[in-house]
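One structure is given below, encoded as structure tokens.
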Amino acid sequence: MQLLAEGLARRGVEVSVISQEEPGQPANEVVERVSVHRVFMRHVAGFRVPRGYLRELRRLDADVFHLHGNRIWCADYYFPFARSFSWPQVITPHNFYHYWMRKGIIRWLYYERYFPGRLRAFDAYVALTEAERFQVLGWRYPSDRIQVIPNGIDLDEFRRMGVDREKTRASWGLSAPRIALYTGGFYDNKRVDRLVRAVAQTKGEWGLVATGPDVPGTPYDRSACERLAKDLSAPVRFLGSQPRSTVLSAYASADAYLQGSAFEGFGVSLLEAMAVGLPFIAFDAGAAKELASSGAGYVVSSEGEMAARLEEIVGRTEVMRRAGLASVQEYSVEKMVDRHLALYRLLARRRP
């Protein structure tokens, strides 16, 4: 969302973002020509309740309102009042984390009964993938109001890289001749354990470098994955959270990118891998299948299949590299902004 907001502002669009409070951040500020307003969050019985959220919205005289995410504080507190606003409304839930990751009667009642009706207050639904579009059609949302607009990345960021590949690889301290990379953290949907098991099955031919924040307390957190790597004698280096420059160096220095996610809204890290010509292997989540159709990667359904694909890409690296570099051009920030801006202009013309 940040790239979209800043990209629109560079086009001369006046952009206001309503977000939740962050420690040490002001309630109101301008960042890259984007007006950011942060609302105070009260914690009540395990829920975050925004104070003054609707009041803040009613102060805006917007031509289009775009709701990003399906988090309780930003979506569910807005849904009951959606029809009281006159502006055209767009929603991008970024797929449905709780729908896919949380089972039970509450999930069924919400997504099969409540949520589809709330969607109809919105003039347009922006899906990130064709799979998400298909899901929304299943809820009988009008097909002519759905647009698929994938996430984009700043391709210039990857063109500007200057990397000492050998120095970076030496810093990892792995003896495996080939090294795969994972970035994204140890959230319960990311399933880094799958990557550890897949690498272990290559019998030392492949190592793994994993970066990103830890979320302790799940069966797939960093400590669990470290124990698994030790038990399997898998050559894995856990780096934790790293500066952006270090992550970019890792992309440019690895031999493949791995994603074990059970759920992804999209999976921007796959685009980042493609932007440096890095072949990827991913479980079927988010945009993985659509991106793999370009020839830049593989989609797998098991750890054993991932291990087999790691062996296979050794002879196909250059072909996959060229495919990734070519197809990722369609996922630039500029094209993402173009598509959103065209939608906003269409909806704004219909405003009463």
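Labels for the structure tokens follow display order: chains A, B, ..., residues from 1 in each chain, ligands from 1.
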Between segment 248-305 of chain A and segment 141-153 of chain A, at 8 Å or less, what are the per-residue closest atom pairs and their distances in Å? Count only C-alpha atoms, order by chain and rising residue number, and return it as a tab-separated table.
residue	atom	partner	partner_atom	distance
A:Phe266	CA	A:Asn151	CA	7.2
A:Val268	CA	A:Asn151	CA	7.1
A:Leu271	CA	A:Ile153	CA	7.3
A:Glu272	CA	A:Ile153	CA	7.3
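Using only C-alpha atoms, the contacts of Ala296 of chain A at a cut-off of 9 Å, with sequence neighbours closer than 4 positions omitted, comprise Met274, Gly277, Leu278, Pro279, Phe280, Leu291, Ala292, Val319, Met320, Arg321, Arg322, Ala323, Gly324, Leu325 and Ser327 of chain A.
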Residue list (strand (DSSP E or B), DSSP) for segment 207-342 of chain A, as a PDB file with C-alpha atoms, in the first residue's frame:
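Saved result, selection39.pdb, follows:
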ATOM      1  CA  GLY A 207      21.895 -24.832   1.990  1.00  0.00           C
ATOM      2  CA  LEU A 208      19.319 -22.288   3.128  1.00  0.00           C
ATOM      3  CA  VAL A 209      19.549 -18.716   4.367  1.00  0.00           C
ATOM      4  CA  ALA A 210      16.417 -17.487   6.172  1.00  0.00           C
ATOM      5  CA  THR A 211      15.832 -13.848   7.087  1.00  0.00           C
ATOM      6  CA  ASP A 214      10.484 -14.024  14.527  1.00  0.00           C
ATOM      7  CA  VAL A 236      20.652 -23.540   7.377  1.00  0.00           C
ATOM      8  CA  ARG A 237      21.664 -20.047   8.493  1.00  0.00           C
ATOM      9  CA  PHE A 238      19.050 -18.012  10.363  1.00  0.00           C
ATOM     10  CA  LEU A 239      19.838 -14.311  10.075  1.00  0.00           C
ATOM     11  CA  GLY A 240      16.782 -12.729  11.704  1.00  0.00           C
ATOM     12  CA  ALA A 256      17.338 -19.965  -5.797  1.00  0.00           C
ATOM     13  CA  TYR A 257      14.452 -18.590  -3.800  1.00  0.00           C
ATOM     14  CA  LEU A 258      12.158 -20.810  -1.696  1.00  0.00           C
ATOM     15  CA  GLN A 259       8.677 -20.126  -0.337  1.00  0.00           C
ATOM     16  CA  PHE A 280      11.951 -19.712  -7.331  1.00  0.00           C
ATOM     17  CA  ILE A 281      10.230 -22.801  -5.970  1.00  0.00           C
ATOM     18  CA  ALA A 282       7.067 -22.252  -3.964  1.00  0.00           C
ATOM     19  CA  PHE A 283       4.059 -24.027  -2.544  1.00  0.00           C
ATOM     20  CA  GLY A 297       9.744 -20.808 -11.120  1.00  0.00           C
ATOM     21  CA  TYR A 298       8.008 -23.975 -10.007  1.00  0.00           C
ATOM     22  CA  VAL A 299       4.996 -24.638  -7.797  1.00  0.00           C
ATOM     23  CA  VAL A 300       5.159 -27.755  -5.633  1.00  0.00           C
ATOM     24  CA  SER A 332       6.384  -2.545 -11.783  1.00  0.00           C
TER      25      SER A 332
END
Practice task
Just the residues within 7 Å of Pro88 of chain A, please, counting only C-alpha atoms, with nothing from its chain fewer than 2 positions along; format it as a PyMOL selection string.
Solution key: chain A and resi 64-65+86+90+123+347-348+351
Handout entry: Residues within 9 Å of Ala250 of chain A, only C-alpha atoms, excluding chain neighbours under 4 positions, as a PyMOL selection string
Key = chain A and resi 163+165+168-169+181+209+245-246+254
If you take only C-alpha atoms and a cut-off of 10 Å, which residues of segment 226-265 of chain A touch segment 193-199 of chain A, and what are their nearest atom pairs and distances in Å to one decimal, in chain and number order, as JSON lines?
{"residue": "A:Glu226", "atom": "CA", "partner": "A:Val196", "partner_atom": "CA", "distance": 8.9}
{"residue": "A:Arg227", "atom": "CA", "partner": "A:Asp193", "partner_atom": "CA", "distance": 10.0}
{"residue": "A:Leu228", "atom": "CA", "partner": "A:Val196", "partner_atom": "CA", "distance": 7.3}
{"residue": "A:Ala229", "atom": "CA", "partner": "A:Val196", "partner_atom": "CA", "distance": 6.1}
{"residue": "A:Lys230", "atom": "CA", "partner": "A:Val196", "partner_atom": "CA", "distance": 9.8}
{"residue": "A:Leu232", "atom": "CA", "partner": "A:Arg197", "partner_atom": "CA", "distance": 7.6}
{"residue": "A:Ser233", "atom": "CA", "partner": "A:Val196", "partner_atom": "CA", "distance": 9.7}
{"residue": "A:Ala234", "atom": "CA", "partner": "A:Val199", "partner_atom": "CA", "distance": 6.6}
{"residue": "A:Pro235", "atom": "CA", "partner": "A:Val199", "partner_atom": "CA", "distance": 7.7}
{"residue": "A:Val236", "atom": "CA", "partner": "A:Val196", "partner_atom": "CA", "distance": 7.2}
{"residue": "A:Leu258", "atom": "CA", "partner": "A:Leu195", "partner_atom": "CA", "distance": 6.9}
{"residue": "A:Gln259", "atom": "CA", "partner": "A:Leu195", "partner_atom": "CA", "distance": 7.3}
{"residue": "A:Gly260", "atom": "CA", "partner": "A:Arg194", "partner_atom": "CA", "distance": 5.7}
{"residue": "A:Ser261", "atom": "CA", "partner": "A:Arg194", "partner_atom": "CA", "distance": 8.5}
{"residue": "A:Ala262", "atom": "CA", "partner": "A:Arg194", "partner_atom": "CA", "distance": 9.9}
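Comparing A:Gly315, A:Gly173, A:Pro93, A:Gly104 by their smallest distance to Leu119 of chain A, the closest is A:Pro93 (using only C-alpha atoms).
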Handout entry: All residues 7 Å or closer to segment 3-19 of chain A, only C-alpha atoms, same chain fewer than 6 positions away omitted, as number ranges by chain
Key = A: 32-39, 333, 337
Write the residues of the preceding selection, restricted to C-alpha atoms, as a PDB file, in the first residue's frame.
ATOM      1  CA  GLU A  32       6.680  11.490   0.570  1.00  0.00           C
ATOM      2  CA  ARG A  33       3.800  13.910  -0.128  1.00  0.00           C
ATOM      3  CA  VAL A  34       1.282  11.507   1.436  1.00  0.00           C
ATOM      4  CA  SER A  35      -0.782  12.780   4.406  1.00  0.00           C
ATOM      5  CA  VAL A  36      -0.712  10.116   7.114  1.00  0.00           C
ATOM      6  CA  HIS A  37      -3.241  10.147   9.955  1.00  0.00           C
ATOM      7  CA  ARG A  38      -2.831   7.621  12.756  1.00  0.00           C
ATOM      8  CA  VAL A  39      -5.738   6.770  15.024  1.00  0.00           C
ATOM      9  CA  VAL A 333       5.114   0.076  -9.365  1.00  0.00           C
ATOM     10  CA  VAL A 337      -0.304   2.807 -10.115  1.00  0.00           C
TER      11      VAL A 337
END
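Put simply, atom CA of Ser241 of chain A is 25.8 Å away from atom CA of Asn70 of chain A.
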